[in-house]
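Enquirer: Quick one, run.txt (compact mmCIF, C-alpha atoms and all ligand atoms):
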```txt
# COMPACT_ATOMS: atom_id res chain seq x y z
CA MET A 1 0.00 0.00 0.00
CA SER A 2 1.38 3.44 -0.89
CA GLN A 3 2.28 6.00 1.75
CA GLN A 4 -0.99 7.95 1.56
CA LYS A 5 -2.67 8.87 4.82
CA ILE A 6 -5.25 6.63 6.52
CA ALA A 7 -8.59 7.70 8.01
CA PHE A 8 -10.79 5.50 10.22
CA ILE A 9 -14.47 6.48 10.01
CA THR A 10 -17.13 4.99 12.28
CA GLY A 11 -20.71 4.87 11.02
CA ALA A 12 -19.67 5.02 7.37
CA SER A 13 -22.61 3.07 5.91
CA ALA A 14 -24.89 6.13 5.65
CA GLY A 15 -25.23 9.87 6.03
CA ILE A 16 -22.36 12.00 7.29
CA GLY A 17 -19.95 9.08 7.68
CA GLU A 18 -20.52 7.90 4.12
CA ALA A 19 -20.15 11.45 2.73
CA THR A 20 -16.93 11.86 4.71
CA ALA A 21 -15.61 8.61 3.25
CA VAL A 22 -16.30 9.94 -0.26
CA LYS A 23 -14.64 13.30 0.48
CA LEU A 24 -11.52 11.81 2.07
CA ALA A 25 -11.22 9.24 -0.74
CA GLN A 26 -11.38 12.11 -3.27
CA GLU A 27 -8.53 13.71 -1.35
CA GLY A 28 -6.44 10.53 -1.62
CA TYR A 29 -6.89 8.98 1.84
CA HIS A 30 -6.94 5.23 2.32
CA LEU A 31 -9.95 4.40 4.49
CA ILE A 32 -10.90 2.04 7.27
CA LEU A 33 -14.69 2.04 7.25
CA ASN A 34 -16.82 0.84 10.14
CA ALA A 35 -20.55 0.22 10.63
CA ARG A 36 -22.79 -2.79 11.30
CA ARG A 37 -24.34 -3.05 7.80
CA ALA A 38 -21.61 -4.95 5.95
CA ASP A 39 -23.55 -5.11 2.66
CA ARG A 40 -23.59 -1.34 2.34
CA LEU A 41 -19.92 -1.02 3.23
CA HIS A 42 -18.93 -3.61 0.61
CA ILE A 43 -20.71 -1.57 -2.09
CA LEU A 44 -19.09 1.67 -0.88
CA LYS A 45 -15.64 0.03 -0.80
CA THR A 46 -15.94 -1.04 -4.45
CA GLU A 47 -17.19 2.40 -5.53
CA LEU A 48 -14.43 4.30 -3.73
CA GLU A 49 -11.61 2.00 -4.82
CA ASP A 50 -12.80 2.10 -8.44
CA SER A 51 -13.38 5.87 -8.53
CA PHE A 52 -10.42 7.18 -6.57
CA GLY A 53 -7.71 4.49 -6.71
CA ILE A 54 -7.43 4.32 -2.92
CA LYS A 55 -7.64 1.25 -0.69
CA VAL A 56 -10.51 0.55 1.70
CA PHE A 57 -10.38 -1.85 4.66
CA LEU A 58 -13.73 -2.80 6.18
CA SER A 59 -14.02 -3.09 9.94
CA ILE A 60 -17.51 -4.36 10.66
CA PHE A 61 -18.47 -4.04 14.32
CA ASP A 62 -20.99 -2.56 16.69
CA VAL A 63 -19.33 0.33 18.54
CA ARG A 64 -21.37 -0.62 21.64
CA ASN A 65 -19.64 -3.98 21.91
CA ARG A 66 -16.42 -3.45 23.81
CA ASP A 67 -14.90 -6.83 22.87
CA GLU A 68 -15.77 -6.48 19.18
CA VAL A 69 -14.19 -3.01 19.11
CA SER A 70 -10.92 -4.08 20.70
CA THR A 71 -10.67 -7.30 18.65
CA ALA A 72 -11.32 -5.43 15.38
CA ILE A 73 -8.78 -2.71 16.07
CA SER A 74 -6.06 -4.93 17.54
CA SER A 75 -6.34 -7.28 14.56
CA LEU A 76 -5.89 -4.57 11.91
CA PRO A 77 -3.11 -5.58 9.51
CA ASP A 78 0.14 -3.75 10.31
CA GLU A 79 -0.04 -1.59 7.18
CA TRP A 80 -3.42 -0.24 8.39
CA LYS A 81 -2.32 0.64 11.92
CA LYS A 82 -0.84 4.07 11.24
CA ILE A 83 -4.12 5.93 11.47
CA ASN A 84 -3.80 9.65 10.74
CA VAL A 85 -7.44 10.64 11.22
CA LEU A 86 -10.19 9.09 13.36
CA VAL A 87 -13.72 10.34 12.67
CA ASN A 88 -15.92 9.38 15.61
CA ASN A 89 -19.21 9.67 13.74
CA ALA A 90 -21.34 6.58 14.58
CA GLY A 91 -24.29 7.80 16.59
CA LEU A 92 -28.01 8.14 16.75
CA ALA A 93 -31.09 9.53 18.40
CA SER A 94 -33.72 7.00 19.43
CA GLY A 95 -37.15 8.44 20.20
CA LEU A 96 -38.26 11.97 21.07
CA ALA A 97 -40.19 11.99 24.33
CA SER A 98 -40.62 14.09 27.40
CA ILE A 99 -38.34 12.92 30.19
CA GLU A 100 -41.13 11.44 32.33
CA GLU A 101 -42.30 9.31 29.41
CA GLY A 102 -38.89 8.35 28.00
CA ASN A 103 -38.29 4.79 26.89
CA ILE A 104 -35.39 3.49 28.96
CA ASP A 105 -34.26 1.15 26.17
CA ASP A 106 -33.95 4.24 23.93
CA TRP A 107 -31.86 5.94 26.60
CA ASP A 108 -29.56 2.92 26.86
CA VAL A 109 -28.98 2.68 23.11
CA MET A 110 -28.10 6.39 22.85
CA ILE A 111 -25.79 6.35 25.86
CA ASP A 112 -24.15 3.09 24.75
CA THR A 113 -23.61 4.26 21.16
CA ASN A 114 -22.93 7.99 21.41
CA ILE A 115 -20.83 8.01 24.58
CA LYS A 116 -19.54 4.53 25.34
CA GLY A 117 -19.05 3.55 21.68
CA LEU A 118 -17.05 6.70 21.02
CA LEU A 119 -14.95 5.97 24.10
CA TYR A 120 -14.29 2.32 23.19
CA VAL A 121 -13.16 3.22 19.67
CA SER A 122 -11.02 6.13 20.87
CA ARG A 123 -9.40 4.12 23.67
CA ASN A 124 -8.30 1.47 21.16
CA ILE A 125 -7.07 3.84 18.44
CA ILE A 126 -5.33 6.53 20.50
CA PRO A 127 -2.46 4.21 21.56
CA LEU A 128 -1.80 3.52 17.86
CA MET A 129 -1.71 7.26 17.17
CA ILE A 130 0.73 7.71 20.05
CA GLN A 131 2.88 4.81 18.84
CA TYR A 132 3.10 6.25 15.32
CA GLN A 133 3.27 9.88 16.54
CA THR A 134 0.51 11.09 14.31
CA GLY A 135 -3.13 11.85 14.56
CA GLN A 136 -6.24 13.94 14.55
CA ILE A 137 -9.55 12.96 16.13
CA ILE A 138 -12.76 14.43 14.76
CA ASN A 139 -15.66 14.01 17.16
CA ILE A 140 -19.10 14.49 15.64
CA GLY A 141 -21.17 16.27 18.26
CA SER A 142 -24.28 18.22 17.31
CA ILE A 143 -26.03 21.48 17.98
CA ALA A 144 -27.54 19.20 20.65
CA ALA A 145 -24.07 19.20 22.25
CA LYS A 146 -24.39 22.93 22.84
CA GLU A 147 -28.10 23.45 23.47
CA THR A 148 -31.09 21.42 24.58
CA TYR A 149 -34.56 21.27 23.05
CA ALA A 150 -37.96 19.96 24.10
CA ASN A 151 -38.02 16.15 24.31
CA GLY A 152 -34.36 15.92 23.23
CA ASN A 153 -33.23 15.30 26.84
CA VAL A 154 -31.09 12.14 26.69
CA TYR A 155 -29.87 12.64 23.10
CA CYS A 156 -28.76 16.16 24.09
CA ALA A 157 -27.11 14.77 27.23
CA THR A 158 -25.12 12.24 25.18
CA LYS A 159 -23.97 14.94 22.79
CA HIS A 160 -23.09 17.29 25.67
CA ALA A 161 -20.92 14.38 26.88
CA VAL A 162 -19.26 14.21 23.46
CA ASP A 163 -18.53 17.95 23.75
CA ALA A 164 -16.95 17.40 27.18
CA LEU A 165 -14.90 14.47 25.90
CA ASN A 166 -13.81 16.50 22.90
CA LYS A 167 -12.45 19.23 25.19
CA SER A 168 -10.91 16.72 27.61
CA MET A 169 -9.24 14.70 24.87
CA ARG A 170 -7.68 17.90 23.53
CA ILE A 171 -6.07 18.56 26.91
CA ASP A 172 -4.89 14.99 27.49
CA LEU A 173 -3.55 14.43 23.99
CA LEU A 174 -1.74 17.76 23.67
CA LYS A 175 1.47 16.15 24.92
CA HIS A 176 1.24 13.63 22.07
CA ASP A 177 0.68 16.21 19.30
CA ILE A 178 -2.75 14.74 18.53
CA LYS A 179 -5.27 17.29 17.30
CA VAL A 180 -8.87 17.04 18.53
CA THR A 181 -11.73 18.72 16.70
CA GLY A 182 -15.46 18.89 17.42
CA ILE A 183 -17.90 19.22 14.52
CA HIS A 184 -21.41 20.23 15.55
CA PRO A 185 -24.10 20.18 12.85
CA GLY A 186 -27.67 21.41 12.99
CA ALA A 187 -30.34 19.69 10.90
CA VAL A 188 -28.80 17.44 8.23
CA GLU A 189 -31.13 15.26 6.17
CA THR A 190 -29.74 11.72 6.46
CA GLU A 191 -31.22 8.54 7.90
CA PHE A 192 -30.97 10.20 11.33
CA SER A 193 -34.68 11.01 11.71
CA ILE A 194 -35.78 7.69 10.18
CA VAL A 195 -33.71 5.98 12.88
CA ARG A 196 -35.00 8.36 15.58
CA PHE A 197 -38.61 7.58 14.59
CA LYS A 198 -37.91 3.85 14.17
CA GLY A 199 -38.55 3.56 10.46
CA ASP A 200 -41.45 6.06 10.22
CA VAL A 201 -40.29 7.66 6.96
CA GLU A 202 -43.25 10.06 6.70
CA ARG A 203 -42.63 11.47 10.16
CA ALA A 204 -38.92 11.73 9.41
CA LYS A 205 -39.57 13.69 6.19
CA LYS A 206 -41.57 16.29 8.12
CA VAL A 207 -38.47 17.26 10.11
CA TYR A 208 -36.96 18.71 6.92
CA GLU A 209 -40.09 20.24 5.37
CA GLY A 210 -40.33 23.94 4.51
CA PHE A 211 -36.65 24.90 4.77
CA GLU A 212 -33.33 24.07 3.17
CA ASN A 213 -31.63 21.59 5.47
CA LEU A 214 -27.94 20.75 5.41
CA VAL A 215 -26.83 17.69 3.45
CA ALA A 216 -24.18 15.20 4.57
CA ALA A 217 -21.67 16.57 2.02
CA ASP A 218 -21.80 19.98 3.78
CA ILE A 219 -20.47 18.34 6.93
CA ALA A 220 -17.90 16.29 5.01
CA GLU A 221 -16.56 19.57 3.57
CA ALA A 222 -16.20 20.99 7.09
CA ILE A 223 -14.41 17.85 8.25
CA TRP A 224 -12.04 18.14 5.31
CA PHE A 225 -11.41 21.80 6.19
CA ALA A 226 -10.39 20.77 9.71
CA VAL A 227 -8.26 17.87 8.47
CA SER A 228 -6.47 19.89 5.79
CA ARG A 229 -5.19 22.75 8.00
CA PRO A 230 -1.41 23.12 8.35
CA LYS A 231 0.25 21.24 11.22
CA HIS A 232 0.33 24.27 13.54
CA VAL A 233 -3.40 25.02 13.16
CA ASN A 234 -6.19 23.17 14.97
CA ILE A 235 -9.90 23.75 14.50
CA ASN A 236 -11.17 23.20 18.04
CA ASP A 237 -14.88 23.40 17.35
CA LEU A 238 -17.20 24.16 14.46
CA ILE A 239 -20.97 24.69 14.69
CA ILE A 240 -22.60 24.39 11.27
CA MET A 241 -26.27 25.20 10.81
CA PRO A 242 -28.74 25.49 7.96
CA MET A 243 -29.26 29.19 7.32
CA ALA A 244 -32.91 28.69 8.30
CA GLN A 245 -32.03 27.26 11.75
CA ALA A 246 -31.09 29.74 14.51
CA GLN A 247 -30.95 27.27 17.40
CA ALA A 248 -31.60 23.60 18.05
CA GLY A 249 -35.39 23.89 18.05
CA ILE A 250 -35.82 27.13 16.09
CA ILE A 251 -36.28 26.68 12.36
CA GLN A 252 -37.84 29.22 9.98
CA ARG A 253 -40.19 27.19 7.76
CA LYS A 254 -41.86 28.70 4.70
P1 LIG A 301 -27.35 8.14 9.80
O1 LIG A 301 -28.42 7.40 10.53
O2 LIG A 301 -27.57 8.47 8.38
O3 LIG A 301 -25.96 7.38 9.94
C1 LIG A 301 -25.54 6.86 11.19
C2 LIG A 301 -24.37 5.93 10.98
O4 LIG A 301 -23.96 5.43 12.27
C3 LIG A 301 -24.71 4.73 10.12
O5 LIG A 301 -23.64 4.46 9.27
C4 LIG A 301 -24.88 3.61 11.13
O6 LIG A 301 -24.49 2.37 10.52
C5 LIG A 301 -23.85 4.02 12.18
N1 LIG A 301 -24.12 3.42 13.48
C6 LIG A 301 -25.20 3.60 14.28
N2 LIG A 301 -25.10 2.83 15.36
C7 LIG A 301 -23.93 2.13 15.26
C8 LIG A 301 -23.28 1.16 16.05
N3 LIG A 301 -23.82 0.74 17.20
N4 LIG A 301 -22.09 0.67 15.63
C9 LIG A 301 -21.54 1.08 14.47
N5 LIG A 301 -22.12 2.00 13.68
C10 LIG A 301 -23.30 2.51 14.06
O7 LIG A 301 -27.14 9.48 10.66
P2 LIG A 301 -26.15 10.75 10.48
O8 LIG A 301 -25.20 10.53 9.37
O9 LIG A 301 -27.00 11.96 10.47
O10 LIG A 301 -25.41 10.70 11.89
C11 LIG A 301 -24.00 10.65 12.02
C12 LIG A 301 -23.61 11.39 13.27
O11 LIG A 301 -23.97 12.78 13.14
C13 LIG A 301 -24.30 10.91 14.56
O12 LIG A 301 -23.35 10.91 15.59
C14 LIG A 301 -25.38 11.97 14.78
O13 LIG A 301 -25.73 12.06 16.13
C15 LIG A 301 -24.67 13.21 14.29
N6 LIG A 301 -25.49 14.33 13.93
C16 LIG A 301 -26.48 14.22 12.98
C17 LIG A 301 -27.24 15.33 12.66
C18 LIG A 301 -28.38 15.26 11.68
O14 LIG A 301 -29.21 16.20 11.69
N7 LIG A 301 -28.45 14.26 10.84
C19 LIG A 301 -26.98 16.65 13.27
C20 LIG A 301 -25.96 16.63 14.26
C21 LIG A 301 -25.22 15.53 14.55
P3 LIG A 301 -25.12 0.93 10.77
O15 LIG A 301 -26.57 1.12 11.08
O16 LIG A 301 -24.85 0.22 9.48
O17 LIG A 301 -24.33 0.36 11.91
C1 LIG A 302 -29.11 16.16 15.38
C2 LIG A 302 -29.69 17.53 15.29
O1 LIG A 302 -31.30 19.19 16.35
O2 LIG A 302 -32.12 16.94 15.92
O3 LIG A 302 -28.04 16.09 16.25
O4 LIG A 302 -30.59 17.33 17.70
S1 LIG A 302 -30.98 17.74 16.37
```
Mind converting the file's structure to structure tokens?
Ligand code: NDP
Ligand code: 8X3

Expert:
Amino acid sequence: MSQQKIAFITGASAGIGEATAVKLAQEGYHLILNARRADRLHILKTELEDSFGIKVFLSIFDVRNRDEVSTAISSLPDEWKKINVLVNNAGLASGLASIEEGNIDDWDVMIDTNIKGLLYVSRNIIPLMIQYQTGQIINIGSIAAKETYANGNVYCATKHAVDALNKSMRIDLLKHDIKVTGIHPGAVETEFSIVRFKGDVERAKKVYEGFENLVAADIAEAIWFAVSRPKHVNINDLIIMPMAQAQAGIIQRK
């Protein structure tokens, strides 16, 4: 494999992760792509390798499963272990309910994926970055990492935790020259709302009606901006909103 840089992207089978894979492949990165849906990742691998002449390694695991995460990362072939960029993107909202009516299984899946999953992946990849003296971590937060909105309670709490981890990682990893960047999007039309509403596509569509939402490629561009800065520059935090969205719950619809 040639000496191009390597990026590891979690949640690359859809949405922002997939768009980031396309953008980084266009820019010549070799990619390690993670998600649970292997069929989608196999198709993406073929497309990216054929279109951009880069190499893709698939790492199929559930970020919530601590053993799967450590086995997958420790068994990466040696030529894939020098990871320059980790994009901690896998995440979800499950449900939208007032706190007293919240479904505790929904709470568990959000906490396990958005917080614990991000931690498991980071804990396994950071030692490789330290060993190879290279690295940048991009943590995908949300406007929900900065603000709360009605019925968003536990999702917002998980993303506030990502914001705290982003800031903490930056302090702890300073001594290792590892950059840490938080990317915080507002409303992006992906499978996010379909997942939040458990397959209710009609309800999901309504989230994006009457205004121009962001698309996943907008966020991929921002990630590329952060990744492509010179060595002495770090983008600590970016909040990226649709023009029609002033705050988490405040959208101007026509
Ligand atoms: P999508 O639902 O389109 O994509 C989510 C990705 O995460 C999929 O590839 C999914 O793959 C993966 N994923 C989910 N759970 C797991 C898991 N347990 N293990 C491994 N992979 C997993 O949503 P988005 O692209 O919108 O979301 C990406 C990130 O952006 C999330 O962290 C989300 O919170 C954040 N975000 C989204 C916003 C939006 O408006 N869309 C705004 C702000 C932040 P698979 O199911 O195959 O495992
Ligand atoms: C996703 C955006 O506003 O639905 O993180 O929380 S929002």

Enquirer: Could I get the residue neighbourhood of ligand LIG 301 (chain A) at 7 Å, counting all atoms listed in the file, as number ranges by chain?

Expert: A: 10-18, 34-37, 61-64, 89-93, 113-114, 140-143, 184-192, 195, 216

Enquirer: Of the candidates A:Gly135, A:Pro242, A:Pro127, A:Gly152, which one gets nearest to ligand LIG 302 (chain A) if we count only C-alpha atoms and all ligand atoms?

Expert: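 The shortest atom-to-atom distance to ligand LIG 302 (chain A) comes from A:Gly152.
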
Enquirer: Return the single residue from A:Asp177, A:Glu147, A:Asp67, A:Glu79 that is closest to ligand LIG 302 (chain A), with distances computed using only C-alpha atoms and all ligand atoms.

Expert: A:Glu147

Enquirer: Mind listing as a list in words all residues within 7 Å of (-7.1, 17.8, 12.6), counting all atoms listed in the file?

Expert: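 Collected hits near the coordinates: Gln136, Ile137, Ile138, Lys179, Val180, Thr181, Ala226, Val227, Asn234 and Ile235 of chain A.
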
Enquirer: For the residues in the current selection, export C-alpha atoms as a compact mmCIF listing (two decimals), in the coordinates of the input.

Expert:
```
# COMPACT_ATOMS: atom_id res chain seq x y z
CA GLN A 136 -6.24 13.94 14.55
CA ILE A 137 -9.55 12.96 16.13
CA ILE A 138 -12.76 14.43 14.76
CA LYS A 179 -5.27 17.29 17.30
CA VAL A 180 -8.87 17.04 18.53
CA THR A 181 -11.73 18.72 16.70
CA ALA A 226 -10.39 20.77 9.71
CA VAL A 227 -8.26 17.87 8.47
CA ASN A 234 -6.19 23.17 14.97
CA ILE A 235 -9.90 23.75 14.50
```

Enquirer: A:Ile9, A:Met243, A:Leu96, A:Ile60: which is nearest ligand LIG 302 (chain A), counting only C-alpha atoms and all ligand atoms?

Expert: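 Among the listed residues, the smallest separation from ligand LIG 302 (chain A) belongs to A:Leu96.
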
Enquirer: May I have the centre and edge lengths, in Å to one decimal, of an axis-aligned box around the listed atoms of ligand LIG 302 (chain A) with 8 Å added to every side, as lines of an AutoDock Vina configuration file?

Expert:
```
center_x = -30.1
center_y = 17.6
center_z = 16.5
size_x = 20.1
size_y = 19.1
size_z = 18.4
```

Enquirer: Counting only C-alpha atoms, figure out which residue out of A:Ala25, A:Val215, A:Ile130, A:Ile54 gets nearest to Ser2 of chain A.

Expert: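 For Ser2 of chain A, the nearest of the given residues is A:Ile54.
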
Enquirer: If you count all atoms listed in the file, which residues fall within 12 Å of Leu128 of chain A, apart from same-chain ones fewer than 6 positions away, as a short mmCIF file (atom, residue, chain, number, x, y, z; two decimals) with C-alpha atoms, in the frame of the given file?

Expert:
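Final output, saved to part.cif:
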```
data_model
loop_
_atom_site.label_atom_id
_atom_site.label_comp_id
_atom_site.auth_asym_id
_atom_site.auth_seq_id
_atom_site.Cartn_x
_atom_site.Cartn_y
_atom_site.Cartn_z
CA PHE A 8 -10.79 5.50 10.22
CA ILE A 73 -8.78 -2.71 16.07
CA SER A 74 -6.06 -4.93 17.54
CA LEU A 76 -5.89 -4.57 11.91
CA ASP A 78 0.14 -3.75 10.31
CA GLU A 79 -0.04 -1.59 7.18
CA TRP A 80 -3.42 -0.24 8.39
CA LYS A 81 -2.32 0.64 11.92
CA LYS A 82 -0.84 4.07 11.24
CA ILE A 83 -4.12 5.93 11.47
CA ASN A 84 -3.80 9.65 10.74
CA VAL A 85 -7.44 10.64 11.22
CA LEU A 86 -10.19 9.09 13.36
CA VAL A 121 -13.16 3.22 19.67
CA SER A 122 -11.02 6.13 20.87
CA THR A 134 0.51 11.09 14.31
CA GLY A 135 -3.13 11.85 14.56
CA GLN A 136 -6.24 13.94 14.55
CA HIS A 176 1.24 13.63 22.07
CA ILE A 178 -2.75 14.74 18.53
#
```

Enquirer: Counting only C-alpha atoms and all ligand atoms, which residue out of A:His160, A:Lys55, A:His30, A:Arg123 sits closest to ligand LIG 302 (chain A)?

Expert: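 Among the listed residues, A:His160 lies closest to ligand LIG 302 (chain A).
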
Enquirer: Between A:Glu27, A:Asp112, A:Asp237, A:Glu68, which one has atoms that come closest to Ser51 of chain A, using all atoms listed in the file?

Expert: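 Smallest separation from Ser51 of chain A among the options: A:Glu27.
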
Enquirer: Atom CA of Met110 of chain A and atom CA of Ile194 of chain A, how far apart in Å?

Expert: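 A separation of 14.9 Å between them.
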
Enquirer: Near Gly249 of chain A, within 12 Å and counting all atoms listed in the file, which residues show up once chain neighbours fewer than 3 positions away are dropped, as a ChimeraX atom specification?

Expert: /A:143-144,147-152,156,186-187,207,241,244-246,252-253

Enquirer: So how many Å separate atom CA of Gln133 of chain A and atom CA of Leu173 of chain A, to one decimal?

Expert: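 Atom CA of Gln133 of chain A sits 11.1 Å away from atom CA of Leu173 of chain A.
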
Enquirer: Rounded to one decimal place, report the atom CA of Ala248 of chain A-atom CA of Ala204 of chain A distance in Å.

Expert: 16.4 Å

Enquirer: Would it be fine to have segment 181-201 of chain A, with N, CA, C and O atoms, given as a compact mmCIF listing (two decimals), in the first residue's frame?

Expert:
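Wrote decode.txt, looks like this:
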```txt
# COMPACT_ATOMS: atom_id res chain seq x y z
N THR A 181 -10.81 17.76 17.32
CA THR A 181 -11.73 18.72 16.70
C THR A 181 -13.17 18.27 16.90
O THR A 181 -13.50 17.10 16.64
N GLY A 182 -14.02 19.19 17.33
CA GLY A 182 -15.46 18.89 17.42
C GLY A 182 -16.20 19.52 16.25
O GLY A 182 -15.96 20.68 15.91
N ILE A 183 -17.07 18.73 15.63
CA ILE A 183 -17.90 19.22 14.52
C ILE A 183 -19.35 19.10 14.97
O ILE A 183 -19.80 17.99 15.32
N HIS A 184 -20.06 20.20 14.95
CA HIS A 184 -21.41 20.23 15.55
C HIS A 184 -22.46 20.70 14.54
O HIS A 184 -22.69 21.90 14.40
N PRO A 185 -23.10 19.77 13.84
CA PRO A 185 -24.10 20.18 12.85
C PRO A 185 -25.48 20.42 13.45
O PRO A 185 -25.86 19.81 14.45
N GLY A 186 -26.22 21.31 12.78
CA GLY A 186 -27.67 21.41 12.99
C GLY A 186 -28.34 20.37 12.11
O GLY A 186 -27.78 19.29 11.87
N ALA A 187 -29.53 20.71 11.59
CA ALA A 187 -30.34 19.69 10.90
C ALA A 187 -29.74 19.28 9.54
O ALA A 187 -29.66 20.09 8.62
N VAL A 188 -29.34 18.03 9.45
CA VAL A 188 -28.80 17.44 8.23
C VAL A 188 -29.76 16.33 7.80
O VAL A 188 -30.02 15.43 8.61
N GLU A 189 -30.23 16.35 6.57
CA GLU A 189 -31.13 15.26 6.17
C GLU A 189 -30.32 14.02 5.80
O GLU A 189 -29.61 13.99 4.80
N THR A 190 -30.41 13.02 6.65
CA THR A 190 -29.74 11.72 6.46
C THR A 190 -30.76 10.67 6.91
O THR A 190 -31.95 10.96 6.93
N GLU A 191 -30.28 9.52 7.33
CA GLU A 191 -31.22 8.54 7.90
C GLU A 191 -31.49 8.81 9.38
O GLU A 191 -32.20 8.06 10.05
N PHE A 192 -30.89 9.90 9.89
CA PHE A 192 -30.97 10.20 11.33
C PHE A 192 -32.41 10.19 11.86
O PHE A 192 -32.70 9.54 12.88
N SER A 193 -33.31 10.91 11.18
CA SER A 193 -34.68 11.01 11.71
C SER A 193 -35.47 9.72 11.47
O SER A 193 -36.37 9.38 12.25
N ILE A 194 -35.13 9.00 10.40
CA ILE A 194 -35.78 7.69 10.18
C ILE A 194 -35.42 6.75 11.34
O ILE A 194 -36.26 6.02 11.86
N VAL A 195 -34.15 6.81 11.74
CA VAL A 195 -33.71 5.98 12.88
C VAL A 195 -34.39 6.47 14.16
O VAL A 195 -34.91 5.67 14.94
N ARG A 196 -34.39 7.81 14.35
CA ARG A 196 -35.00 8.36 15.58
C ARG A 196 -36.46 7.91 15.70
O ARG A 196 -36.91 7.56 16.78
N PHE A 197 -37.18 7.94 14.56
CA PHE A 197 -38.61 7.58 14.59
C PHE A 197 -38.84 6.12 14.19
O PHE A 197 -39.94 5.76 13.75
N LYS A 198 -37.81 5.32 14.30
CA LYS A 198 -37.91 3.85 14.17
C LYS A 198 -38.56 3.40 12.87
O LYS A 198 -39.50 2.60 12.86
N GLY A 199 -38.10 4.00 11.78
CA GLY A 199 -38.55 3.56 10.46
C GLY A 199 -39.77 4.32 9.93
O GLY A 199 -40.22 4.03 8.81
N ASP A 200 -40.29 5.27 10.67
CA ASP A 200 -41.45 6.06 10.22
C ASP A 200 -40.96 7.16 9.26
O ASP A 200 -40.64 8.28 9.66
N VAL A 201 -40.90 6.78 7.96
CA VAL A 201 -40.29 7.66 6.96
C VAL A 201 -41.10 8.96 6.79
O VAL A 201 -40.52 10.05 6.62
```
